[in-house]
file protein-v2.csv (CSV, C-alpha atoms and all ligand atoms)
chain,number,residue,atom,x,y,z
B,1,MET,CA,14.1,-88.8,-27.0
B,2,HIS,CA,15.1,-92.0,-25.2
B,3,PRO,CA,18.8,-92.1,-25.2
B,4,LEU,CA,20.8,-95.2,-24.4
B,5,VAL,CA,23.6,-94.8,-21.9
B,6,THR,CA,26.2,-97.6,-22.1
B,7,ASP,CA,29.9,-98.3,-21.4
B,8,LEU,CA,32.4,-98.1,-24.3
B,9,SER,CA,35.5,-100.3,-24.8
B,10,PRO,CA,38.8,-98.6,-25.8
B,11,SER,CA,38.2,-99.8,-29.4
B,12,GLN,CA,34.7,-98.5,-29.5
B,13,LEU,CA,35.9,-95.1,-28.3
B,14,ARG,CA,38.7,-95.1,-30.9
B,15,GLU,CA,36.1,-95.8,-33.6
B,16,ARG,CA,34.0,-92.8,-32.4
B,17,LEU,CA,36.9,-90.5,-31.3
B,18,ASN,CA,36.0,-87.8,-33.9
B,19,GLU,CA,32.4,-87.9,-32.8
B,20,ALA,CA,33.3,-87.7,-29.1
B,21,LEU,CA,35.7,-84.9,-29.7
B,22,SER,CA,33.2,-82.9,-31.7
B,23,ILE,CA,30.8,-83.2,-28.7
B,24,TYR,CA,33.6,-82.0,-26.4
B,25,VAL,CA,34.4,-78.9,-28.4
B,26,ALA,CA,30.7,-78.0,-28.9
B,27,ALA,CA,29.9,-78.5,-25.2
B,28,MET,CA,32.9,-76.5,-24.1
B,29,GLY,CA,32.6,-73.8,-26.8
B,30,TYR,CA,36.1,-74.5,-28.1
B,31,PRO,CA,37.1,-74.0,-31.8
B,32,PRO,CA,37.2,-77.3,-33.9
B,33,SER,CA,41.1,-77.1,-34.0
B,34,VAL,CA,41.1,-78.1,-30.3
B,35,ALA,CA,39.5,-81.4,-31.2
B,36,ARG,CA,42.4,-82.3,-33.5
B,37,ARG,CA,45.0,-81.4,-30.8
B,38,ARG,CA,43.2,-83.4,-28.1
B,39,ALA,CA,42.9,-86.6,-30.2
B,40,PRO,CA,46.3,-88.1,-29.3
B,41,MET,CA,45.7,-87.3,-25.6
B,42,TRP,CA,42.3,-89.0,-25.5
B,43,ALA,CA,43.8,-92.0,-27.3
B,44,GLU,CA,46.6,-92.2,-24.8
B,45,HIS,CA,44.3,-91.9,-21.8
B,46,ALA,CA,42.4,-95.0,-23.0
B,47,LEU,CA,45.6,-97.0,-22.3
B,48,ARG,CA,45.8,-95.9,-18.6
B,49,ARG,CA,45.0,-98.2,-15.7
B,50,GLY,CA,41.4,-98.3,-14.6
B,51,TRP,CA,40.2,-96.4,-17.8
B,52,LYS,CA,36.4,-96.5,-18.2
B,53,ALA,CA,34.2,-94.6,-20.7
B,54,THR,CA,30.5,-94.3,-21.1
B,55,GLY,CA,28.6,-92.9,-24.1
B,56,ALA,CA,25.0,-91.6,-24.6
B,57,PHE,CA,23.4,-92.5,-27.9
B,58,THR,CA,20.3,-91.4,-29.6
B,59,SER,CA,18.5,-93.1,-32.5
B,60,GLY,CA,19.2,-92.2,-36.2
B,61,VAL,CA,15.9,-90.5,-36.7
B,62,GLU,CA,16.3,-88.3,-33.6
B,63,ALA,CA,19.9,-87.6,-34.6
B,64,LEU,CA,18.7,-86.3,-37.9
B,65,THR,CA,16.2,-84.1,-36.2
B,66,HIS,CA,18.9,-82.7,-33.8
B,67,PHE,CA,22.0,-82.6,-35.9
B,68,GLY,CA,20.8,-82.6,-39.5
B,69,PRO,CA,21.5,-84.9,-42.4
B,70,GLN,CA,25.3,-84.6,-42.1
B,71,THR,CA,25.3,-86.7,-38.9
B,72,ARG,CA,27.9,-89.4,-39.2
B,73,GLN,CA,26.4,-92.8,-39.0
B,74,PRO,CA,28.7,-95.2,-37.0
B,75,ARG,CA,29.5,-98.4,-39.0
B,76,GLU,CA,28.8,-100.9,-36.2
B,77,ASN,CA,25.4,-99.4,-35.3
B,78,PRO,CA,23.9,-97.3,-38.1
B,79,SER,CA,20.8,-96.3,-36.2
B,80,ASN,CA,22.6,-94.6,-33.3
B,81,ALA,CA,24.6,-91.4,-32.9
B,82,LEU,CA,26.7,-90.4,-30.0
B,83,VAL,CA,25.4,-87.3,-28.1
B,84,GLY,CA,27.4,-87.6,-24.8
B,85,ILE,CA,30.7,-88.9,-23.6
B,86,ALA,CA,32.3,-89.4,-20.2
B,87,TYR,CA,35.5,-91.1,-19.2
B,88,GLY,CA,38.1,-91.3,-16.5
B,89,TYR,CA,40.9,-93.6,-15.1
B,90,SER,CA,42.7,-94.5,-11.9
B,91,GLY,CA,44.7,-91.7,-10.3
B,92,ASP,CA,48.5,-92.3,-10.1
B,93,SER,CA,51.4,-90.4,-8.6
B,94,GLN,CA,53.2,-90.4,-12.0
B,95,GLN,CA,50.4,-88.4,-13.6
B,96,TRP,CA,50.7,-84.6,-14.2
B,97,TRP,CA,47.2,-84.0,-12.8
B,98,TYR,CA,48.0,-85.9,-9.6
B,99,GLN,CA,51.2,-84.0,-9.1
B,100,GLN,CA,49.6,-80.6,-9.7
B,101,VAL,CA,46.7,-81.3,-7.4
B,102,ARG,CA,48.9,-82.8,-4.7
B,103,ASN,CA,51.1,-79.7,-4.7
B,104,GLY,CA,47.9,-77.5,-4.5
B,105,ILE,CA,46.5,-79.5,-1.6
B,106,CYS,CA,49.8,-79.6,0.3
B,107,ASP,CA,50.1,-75.8,0.0
B,108,VAL,CA,46.6,-75.0,1.3
B,109,ARG,CA,45.6,-78.0,3.5
B,110,GLY,CA,48.9,-79.8,4.3
B,111,VAL,CA,50.5,-83.1,3.4
B,112,ALA,CA,48.2,-85.2,5.6
B,113,ALA,CA,45.1,-83.9,3.7
B,114,ALA,CA,46.8,-84.6,0.3
B,115,ASP,CA,47.6,-88.1,1.4
B,116,VAL,CA,44.0,-88.8,2.3
B,117,GLU,CA,42.4,-87.1,-0.8
B,118,LEU,CA,44.8,-88.8,-3.3
B,119,GLU,CA,45.2,-92.2,-1.6
B,120,ASP,CA,42.9,-94.1,-3.9
B,121,TYR,CA,40.8,-92.2,-6.5
B,122,PHE,CA,39.2,-92.4,-9.9
B,123,GLU,CA,39.8,-89.2,-11.9
B,124,LEU,CA,36.7,-88.1,-13.8
B,125,THR,CA,38.5,-86.6,-16.8
B,126,GLU,CA,35.8,-85.7,-19.3
B,127,LEU,CA,32.0,-85.3,-19.1
B,128,HIS,CA,30.2,-83.7,-22.0
B,129,ILE,CA,26.7,-83.6,-23.5
B,130,HIS,CA,26.0,-82.1,-26.9
B,131,PRO,CA,24.5,-78.6,-26.4
B,132,LEU,CA,21.4,-79.5,-28.4
B,133,VAL,CA,20.5,-82.1,-25.8
B,134,GLN,CA,21.8,-80.6,-22.5
B,135,GLY,CA,19.5,-80.0,-19.5
B,136,ARG,CA,17.6,-83.3,-19.9
B,137,ASN,CA,19.2,-85.3,-17.1
B,138,LEU,CA,21.5,-87.1,-19.6
B,139,GLY,CA,24.7,-85.9,-18.0
B,140,GLN,CA,23.6,-87.3,-14.6
B,141,SER,CA,22.8,-90.7,-16.2
B,142,LEU,CA,26.1,-90.7,-18.0
B,143,LEU,CA,28.1,-89.9,-14.8
B,144,LEU,CA,26.2,-92.4,-12.7
B,145,GLN,CA,26.8,-95.2,-15.3
B,146,LEU,CA,30.5,-94.2,-15.5
B,147,LEU,CA,30.9,-94.4,-11.7
B,148,ASN,CA,28.9,-97.6,-11.4
B,149,GLY,CA,31.3,-100.4,-10.4
B,150,VAL,CA,34.4,-98.2,-10.2
B,151,ASP,CA,36.7,-99.8,-7.6
B,152,HIS,CA,38.2,-96.8,-5.8
B,153,LYS,CA,37.5,-95.1,-2.5
B,154,ARG,CA,36.9,-91.7,-4.1
B,155,VAL,CA,36.2,-89.9,-7.4
B,156,LEU,CA,37.9,-86.5,-8.0
B,157,LEU,CA,37.5,-84.0,-10.8
B,158,SER,CA,38.5,-80.5,-11.8
B,159,THR,CA,36.0,-77.9,-13.2
B,160,PRO,CA,36.4,-74.2,-14.0
B,161,GLU,CA,35.3,-71.8,-11.2
B,162,ILE,CA,32.0,-70.1,-12.1
B,163,ALA,CA,30.5,-67.2,-10.1
B,164,GLY,CA,27.9,-68.6,-7.8
B,165,GLU,CA,28.5,-72.1,-9.1
B,166,SER,CA,25.8,-71.3,-11.6
B,167,ASN,CA,26.2,-73.7,-14.5
B,168,ARG,CA,24.9,-77.2,-15.2
B,169,ALA,CA,28.2,-78.8,-14.4
B,170,TRP,CA,28.3,-77.3,-10.9
B,171,ARG,CA,24.6,-78.0,-10.3
B,172,LEU,CA,25.1,-81.7,-11.3
B,173,TYR,CA,28.2,-82.2,-9.1
B,174,ARG,CA,26.6,-80.6,-6.1
B,175,ARG,CA,23.4,-82.6,-6.6
B,176,LEU,CA,25.5,-85.8,-6.6
B,177,GLY,CA,27.2,-84.9,-3.4
B,178,PHE,CA,30.6,-83.7,-4.6
B,179,ASP,CA,32.4,-81.6,-2.0
B,180,ASP,CA,35.3,-79.1,-2.2
B,181,VAL,CA,38.8,-80.5,-2.2
B,182,LEU,CA,40.5,-77.3,-3.4
B,183,ARG,CA,39.1,-74.0,-4.7
B,184,ASN,CA,40.5,-71.4,-7.0
B,185,PHE,CA,43.4,-73.6,-8.0
B,186,ARG,CA,45.6,-72.8,-11.0
B,187,PHE,CA,47.1,-75.6,-13.0
B,188,ASP,CA,50.6,-74.7,-14.5
B,189,GLY,CA,50.1,-73.1,-17.9
B,190,ASP,CA,46.4,-72.3,-17.5
B,191,PRO,CA,45.4,-68.9,-16.1
B,192,ARG,CA,41.9,-70.0,-15.3
B,193,PRO,CA,40.9,-70.8,-11.7
B,194,PHE,CA,39.6,-74.3,-11.1
B,195,ALA,CA,37.8,-76.1,-8.4
B,196,ILE,CA,38.9,-79.7,-7.4
B,197,LEU,CA,35.8,-81.6,-6.2
B,198,GLY,CA,35.5,-85.1,-4.8
B,199,ARG,CA,33.2,-87.6,-3.2
B,200,SER,CA,33.3,-91.1,-1.8
B,201,LEU,CA,32.4,-94.2,-3.9
B,202,PRO,CA,30.1,-95.9,-4.6
B,203,VAL,CA,27.3,-93.5,-5.3
B,204,GLN,CA,24.1,-95.1,-4.0
B,205,PRO,CA,21.1,-94.7,-6.3
B,206,LEU,CA,19.0,-93.2,-3.5
B,207,GLU,CA,21.6,-90.5,-2.9
B,208,CYS,CA,20.6,-88.6,-6.0
B,209,SER,CA,17.1,-87.2,-6.5
B,210,THR,CA,15.3,-87.7,-9.7
B,211,PRO,CA,13.6,-84.8,-11.6
B,301,LIG,C1,27.6,-80.5,-17.4
B,301,LIG,C2,26.8,-81.4,-18.3
B,301,LIG,C3,27.5,-82.7,-18.6
B,301,LIG,C4,25.4,-81.8,-17.6
B,301,LIG,O1,24.7,-82.6,-18.4
B,301,LIG,P1,23.1,-82.2,-18.7
B,301,LIG,O2,22.5,-83.4,-19.4
B,301,LIG,O3,23.1,-81.0,-19.5
B,301,LIG,O4,22.5,-81.9,-17.3
B,301,LIG,P2,22.0,-82.9,-16.2
B,301,LIG,O5,22.1,-84.3,-16.5
B,301,LIG,O6,22.6,-82.4,-14.9
B,301,LIG,O7,20.4,-82.5,-16.2
B,301,LIG,C5,20.0,-81.4,-15.5
B,301,LIG,C6,18.6,-81.0,-15.9
B,301,LIG,O8,17.7,-82.1,-15.4
B,301,LIG,C7,16.6,-81.5,-14.9
B,301,LIG,N1,16.5,-81.7,-13.4
B,301,LIG,C8,15.7,-81.1,-12.6
B,301,LIG,N2,15.8,-81.6,-11.4
B,301,LIG,C9,16.6,-82.6,-11.4
B,301,LIG,C10,17.1,-83.5,-10.4
B,301,LIG,N3,16.7,-83.4,-9.2
B,301,LIG,N4,17.9,-84.4,-10.8
B,301,LIG,C11,18.4,-84.4,-12.1
B,301,LIG,N5,18.0,-83.6,-13.0
B,301,LIG,C12,17.1,-82.6,-12.7
B,301,LIG,C13,16.7,-80.0,-15.1
B,301,LIG,O9,16.1,-79.7,-16.3
B,301,LIG,C14,18.2,-79.8,-15.1
B,301,LIG,O10,18.5,-78.7,-15.9
B,301,LIG,P3,19.1,-77.4,-15.1
B,301,LIG,O11,20.5,-77.8,-14.5
B,301,LIG,O12,19.2,-76.4,-16.1
B,301,LIG,O13,18.2,-77.1,-13.9
B,301,LIG,C15,26.4,-80.7,-19.7
B,301,LIG,O14,25.5,-79.6,-19.4
B,301,LIG,C16,27.6,-80.3,-20.4
B,301,LIG,O15,28.1,-81.0,-21.2
B,301,LIG,N6,28.0,-79.0,-20.2
B,301,LIG,C17,29.1,-78.4,-21.0
B,301,LIG,C18,30.4,-79.1,-20.7
B,301,LIG,C19,30.8,-79.1,-19.3
B,301,LIG,O16,30.7,-78.2,-18.6
B,301,LIG,N7,31.3,-80.3,-18.9
B,301,LIG,C20,31.8,-80.5,-17.5
B,301,LIG,C21,33.2,-79.9,-17.5
B,301,LIG,S1,33.9,-80.1,-15.9
call {"tool": "encode", "arguments": {"input": "protein-v2.csv", "output": "structure tokens"}}
result
Amino acid sequence: MHPLVTDLSPSQLRERLNEALSIYVAAMGYPPSVARRRAPMWAEHALRRGWKATGAFTSGVEALTHFGPQTRQPRENPSNALVGIAYGYSGDSQQWWYQQVRNGICDVRGVAAADVELEDYFELTELHIHPLVQGRNLGQSLLLQLLNGVDHKRVLLSTPEIAGESNRAWRLYRRLGFDDVLRNFRFDGDPRPFAILGRSLPVQPLECSTP
């Protein structure tokens, strides 16, 4: 498989929103109903300042092999199917995520640390590869393409805490030099503990090893 990793405009993501959300629920192991509930939120995110999205595509023949004959063929490029999606946008003090994370950092590390961490960042909001094509370095390519040219001092993200940091998301973030900002943090309304991770931008190509 030789997937193509490329940036998506807001209208291209809107065109492929159902495809992107089906990758999201498959990757996260969520029921399909979650995709319908998330659709308005993803559409609203595309209007935010600094929004950037990147998709990973594979050819129609490969898509049929991986996903079967029901694969939706996108109108503008019938030979390609979406297999990975990543997006993010500029952090802003009016956003719920900013306010939650700021309170968390203030509680644990103090106001000065919160000011530094949140001064100028890009929030990596979503990063998902379809389970059938995970573990082939596609997530890393997608993330590097997404962060390429992002004009902020730092990139921040939240990811569920996993014992021993032993899943692909954690291995990827550590490989790319993400450090701890906050650990075992609980967002309002979600009982799961999350880690907030961050690193400086830009990511230099030589900083990440190749397989
Ligand atoms: C997390 C996720 C995006 C990573 O994408 P991916 O394409 O599966 O994985 P990567 O691009 O990191 O590729 C990793 C694989 O490349 C290979 N690899 C080996 N050495 C490598 C190296 N030095 N550099 C890069 N890849 C290497 C390995 O096979 C490795 O698999 P492993 O992690 O099992 O060892 C994807 O697995 C996913 O969607 N997971 C579910 C959803 C999720 O957790 N999203 C993040 C929420 S915060």
call {"tool": "residues_around", "arguments": {"input": "protein-v2.csv", "residues": "B:Gly50", "least_positions_apart": "6", "cutoff": "9 Å", "atoms": "all atoms listed in the file", "output": "list of chain:residue names"}}
result
B:Gly88, B:Tyr89, B:Ser90, B:Gly91, B:Phe122, B:Val150, B:Asp151
call {"tool": "residues_around", "arguments": {"input": "protein-v2.csv", "residues": "stretch 198-208 of chain B", "least_positions_apart": "2", "cutoff": "9 Å", "atoms": "all atoms listed in the file", "output": "list in words"}}
result
Glu117, Tyr121, Leu144, Leu147, Asn148, Gly149, Val150, Asp151, His152, Lys153, Arg154, Val155, Leu156, Leu157, Ser158, Tyr173, Arg175, Leu176, Gly177, Phe178, Asp179, Asp180, Val181, Ile196 and Thr210 of chain B
call {"tool": "residues_near_ligand", "arguments": {"input": "protein-v2.csv", "ligand": "ligand LIG 301 (chain B)", "cutoff": "9 Å", "atoms": "only C-alpha atoms and all ligand atoms", "output": "PyMOL selection string"}}
result
chain B and resi 23-29+84-86+124-131+133-143+157-160+166-173+175-176+208-211
call {"tool": "closest_residue", "arguments": {"input": "protein-v2.csv", "among": "B:Leu197, B:Leu132, B:Ala81, B:Val5", "to": "B:Ser59", "atoms": "only C-alpha atoms"}}
result
B:Ala81
call {"tool": "residues_around", "arguments": {"input": "protein-v2.csv", "residues": "B:Arg38", "least_positions_apart": "3", "cutoff": "12 Å", "atoms": "all atoms listed in the file", "output": "NGL selection string"}}
result
:B and (17-18 or 20-22 or 24-25 or 30-35 or 41-45 or 126)
call {"tool": "closest_residue", "arguments": {"input": "protein-v2.csv", "among": "B:Trp51, B:Arg183, B:Ala114, B:Glu161", "to": "B:Gln99", "atoms": "all atoms listed in the file"}}
result
B:Ala114
call {"tool": "atom_distance", "arguments": {"input": "protein-v2.csv", "atom1": "atom CA of B:Glu119", "atom2": "atom CA of B:Ser93"}}
result
9.5 Å
call {"tool": "closest_residue", "arguments": {"input": "protein-v2.csv", "among": "B:Asp7, B:Pro193, B:Arg174, B:Gln145", "to": "B:Ile162", "atoms": "only C-alpha atoms"}}
result
B:Pro193
call {"tool": "atom_distance", "arguments": {"input": "protein-v2.csv", "atom1": "atom CA of B:Pro3", "atom2": "atom CA of B:Glu123"}}
result
25.0 Å
call {"tool": "closest_residue", "arguments": {"input": "protein-v2.csv", "among": "B:Leu13, B:Asn80, B:Gln94, B:Arg37", "to": "B:Arg49", "atoms": "only C-alpha atoms"}}
result
B:Gln94
call {"tool": "atom_distance", "arguments": {"input": "protein-v2.csv", "atom1": "atom CA of B:Ala56", "atom2": "atom CA of B:Ser11"}}
result
16.3 Å
call {"tool": "closest_residue", "arguments": {"input": "protein-v2.csv", "among": "B:Gln100, B:Asn184, B:Gln95, B:Thr54", "to": "B:Leu4", "atoms": "all atoms listed in the file"}}
result
B:Thr54
call {"tool": "closest_residue", "arguments": {"input": "protein-v2.csv", "among": "B:Arg192, B:Arg102, B:Lys52, B:Arg16", "to": "B:Leu146", "atoms": "only C-alpha atoms"}}
result
B:Lys52
